[in-house]
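Visitor: Input: one structure, supplied below.
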Number of protein chains: 2
Amino acid sequence: MNPVDLITKKRDGSEHTPEELRFLVQGMVDDSIPDYQLAAWAMTVYFRGMSDAEATQLTLAMAESGDTLDLHDAVAPGVLIVDKHSSGGVGDKTTLAVGPIVAACGLPVGKMSGRGLGFSGGTIDKLESIRGWSPELSEERFRRQLREIGLVVAGQTADLAPADKRLYTLRDVTGTVPSLPLIAASIMSKKLAAGADAIVLDVKCGRGAFMETLDEARALARLMVAIGTGAGRQVTALITGMEQPLGNAVGNGLEVREAIETLHGAGPADFQELVERVSAEMLLLGDPACRTLDAAQARIVEVIASGAAFEKLVAFVAAQGGDPEQIRHPERLPAAPVQQTLLAEQTGFVHGIDAREVGLAVVEMGGGRKKKGDAIDFGVGVVCQAKVGDRVERGDPLCTVHAADEPGARTALSRLRGAWRVEADAADPLPVVLDRIASD
Amino acid sequence: MNPVDLITKKRDGSEHTPEELRFLVQGMVDDSIPDYQLAAWAMTVYFRGMSDAEATQLTLAMAESGDTLDLHDAVAPGVLIVDKHSSGGVGDKTTLAVGPIVAACGLPVGKMSGRGLGFSGGTIDKLESIRGWSPELSEERFRRQLREIGLVVAGQTADLAPADKRLYTLRDVTGTVPSLPLIAASIMSKKLAAGADAIVLDVKCGRGAFMETLDEARALARLMVAIGTGAGRQVTALITGMEQPLGNAVGNGLEVREAIETLHGAGPADFQELVERVSAEMLLLGDPACRTLDAAQARIVEVIASGAAFEKLVAFVAAQGGDPEQIRHPERLPAAPVQQTLLAEQTGFVHGIDAREVGLAVVEMGGGRKKKGDAIDFGVGVVCQAKVGDRVERGDPLCTVHAADEPGARTALSRLRGAWRVEADAADPLPVVLDRIASD
């Protein structure tokens, strides 16, 4: 078997055998296939695609290319490991609220998560707003915390799917990122390597997300469900809107506050709905007591109302070295000294908020990274006060900018002025969940 | 301008601007674009193609990427530099006969040529069968010989089209060889850099050639004519058959002998026809006295009959250090000690000869290279005694193998046995020239 033959085969539209895919993945891991051949191959996959069976075999080979976790010894016998993945977007702090809710329902959540780059932030960056909180855990401590508290969020300590790391880095610089089978294999290989029995996928769709159209998002969701199912896992994919920022807060400390509000049942309507829905889908997959979405949702309302979900966040933060007093008193979380408000210039209805512009404004203020390793200002951000469908009078606030200084605030405001589209005629609020695709 | 954007642009089906193509070619030459990005880009070109204008701009940029020659000071004032190129094939010794004929007609021929690899041989290897002959000439000696004798064949001493060298090496290992615009740019950039005013292209077509179908060969010929014309050159492309070996002889010394016979007007019918036609097309482009193909062909018959063409070969060989006595007495050229004949197993007509198998048999016997730098046995080869259309009786010779030893001869014979297809019903001889595409 040699790489040129495999490139030629895919170039000419044939399917790879499982052996060929394992050979390619082995070559990614041990560097026996050079970058230029992997790049050419990735481009053939961009043009020719892959069958579900091929994508599944590629994913399995990538999942097996490094460490694989088995967390069953860290949970009660018979309990399933349910993971969630979001394709990411502006204001996406879902894990911060879903994790405590699901854990409070008795289903353990042990996640490895990443940092943010560009206009969408990362879960670990958000949690690092909390004084002392650390993502660095040994595997042994990870397991102990999962057993004792039922909720862990750690950096990628284990060497999960190293083939994906190499291929992703290369795709990023060779124009081969937007290939559905390669995207799906990248996401799913890490979930499989992390030992999930069942997975809830939140595939974002819209101008603030990687998949801009519903058709693209559906195709990606369908393929990931097929891969997961083919690998013997239960998978549910929600396709959710990312035309405007998710919730109201964008910016690390501000998003932690909003997650806390949501655990008290007082989050912004769209975010509260999404958090409860994702949590319910996870329970449906992992908790045998929850036979229907309604039953799962009732259970969720219960752990929110009782304060159990909130207390789970407190315990989790404390277990990873964070200051629980900042969770009990969110006003103690990092805050920015300068606040300025963007006002509506006309009376009407909000028809659109450019999520990407909001995300970039926050990066610009220091709330995100332009390049790897940049320091983050946890206090800065944007809080939306009018979302799509809302009626505003001229002079009403559209959003408030939280900035480190006056010039930063002014720059952000001028960028944001064009992001809100207010028109005279009425607009409907945007739906949160656009579609659902599941195993079976 | 950055490489990822250019890859993405071509991937999505857009045309490159001339500036973008120059940027890419510059990146090939100064290594500022890494192999993995060039490989991904080449694959997008494979899938998306290029317009004639793009292919022309790419070719010009590649032609200008290194040294460029101007040979006008080495020929009489007003004389055009006419070059020829063959896409290569089994038994293709055309340059050995065309060069002396055209030069004898007064049109100077100064060629840079290459060595062979795989099943088709190179012109320089063939000429090196002649004792003492050398392709290594300084540029000054090249010009002097062109002025004095009108015929030079040298190795690539100048650094012509280095961008093509890098891209070709990469294409070879990334499955991007069979892209028409990249093939055309590779061939034409070297011809333009070598300073040709007019070019005759011999595009081989058939199982023994790179282009297997007439449609593919026509598309490549059309594109190369468009590129050359767009670059201000006159170009004539002949599409010629390569279903069976060209002429009878395959193997270095044997091919030199056959070229000598052809210069005496006694070559095999197909090869004699092709040589005279290519020569006539060159005269038509370069000799103002030849206004029609018929006039050009009459002139060619003249220089063959007078012996002027043969004497030109003698003078050329001597000028480059070769032994002219081997040309006057071809039986003194390298010969192989063992000769064995393949006999027809049934009476009938030859319907096909697998040119590639014949080429590979010669490589196997040591007459070609399996890898760069392999030494060559100039004496070995195959001489066809029955070509397509010929009637053979059971026991008649199909070909004679010239080998270094008995085992080599036996191996070659067993390979060749399957290469001749003899059937009962009559078969037509194969046409030599299948089509002609020219500027204007």
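We label chains A, B, ... in the order they appear in the structure tokens, count residues from 1 in each chain, and number ligands from 1 in the order shown.
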Select all residues from chain B having any atom no more than 12 Å from an atom of chain A (counting only C-alpha atoms, ignoring ligands), output as a ChimeraX atom specification.
Guide: /B:2-13,33-48,167,169-179
Visitor: Find the residues near Gly389 in chain B: any atom within 7 Å, counting only C-alpha atoms, skip ones fewer than 2 places away on the same chain, and give them as a list of chain:residue names.
Guide: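 That gives B:Phe349, B:Val350, B:His351, B:Lys387, B:Arg391, B:Ala427, B:Asp428, B:Pro429.
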Visitor: Pick out the closest residue to Glu406 in chain B from this set: B:Gly228, B:Gly155, B:Gly352, B:Pro337. Count only C-alpha atoms.
Guide: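 Among the listed residues, B:Pro337 lies closest to Glu406 in chain B.
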Visitor: Restricting the calculation to only C-alpha atoms, which member of A:Leu24, A:Ala424, A:Val203, A:Ala386 is positioned closest to Arg166 in chain A?
Guide: A:Leu24
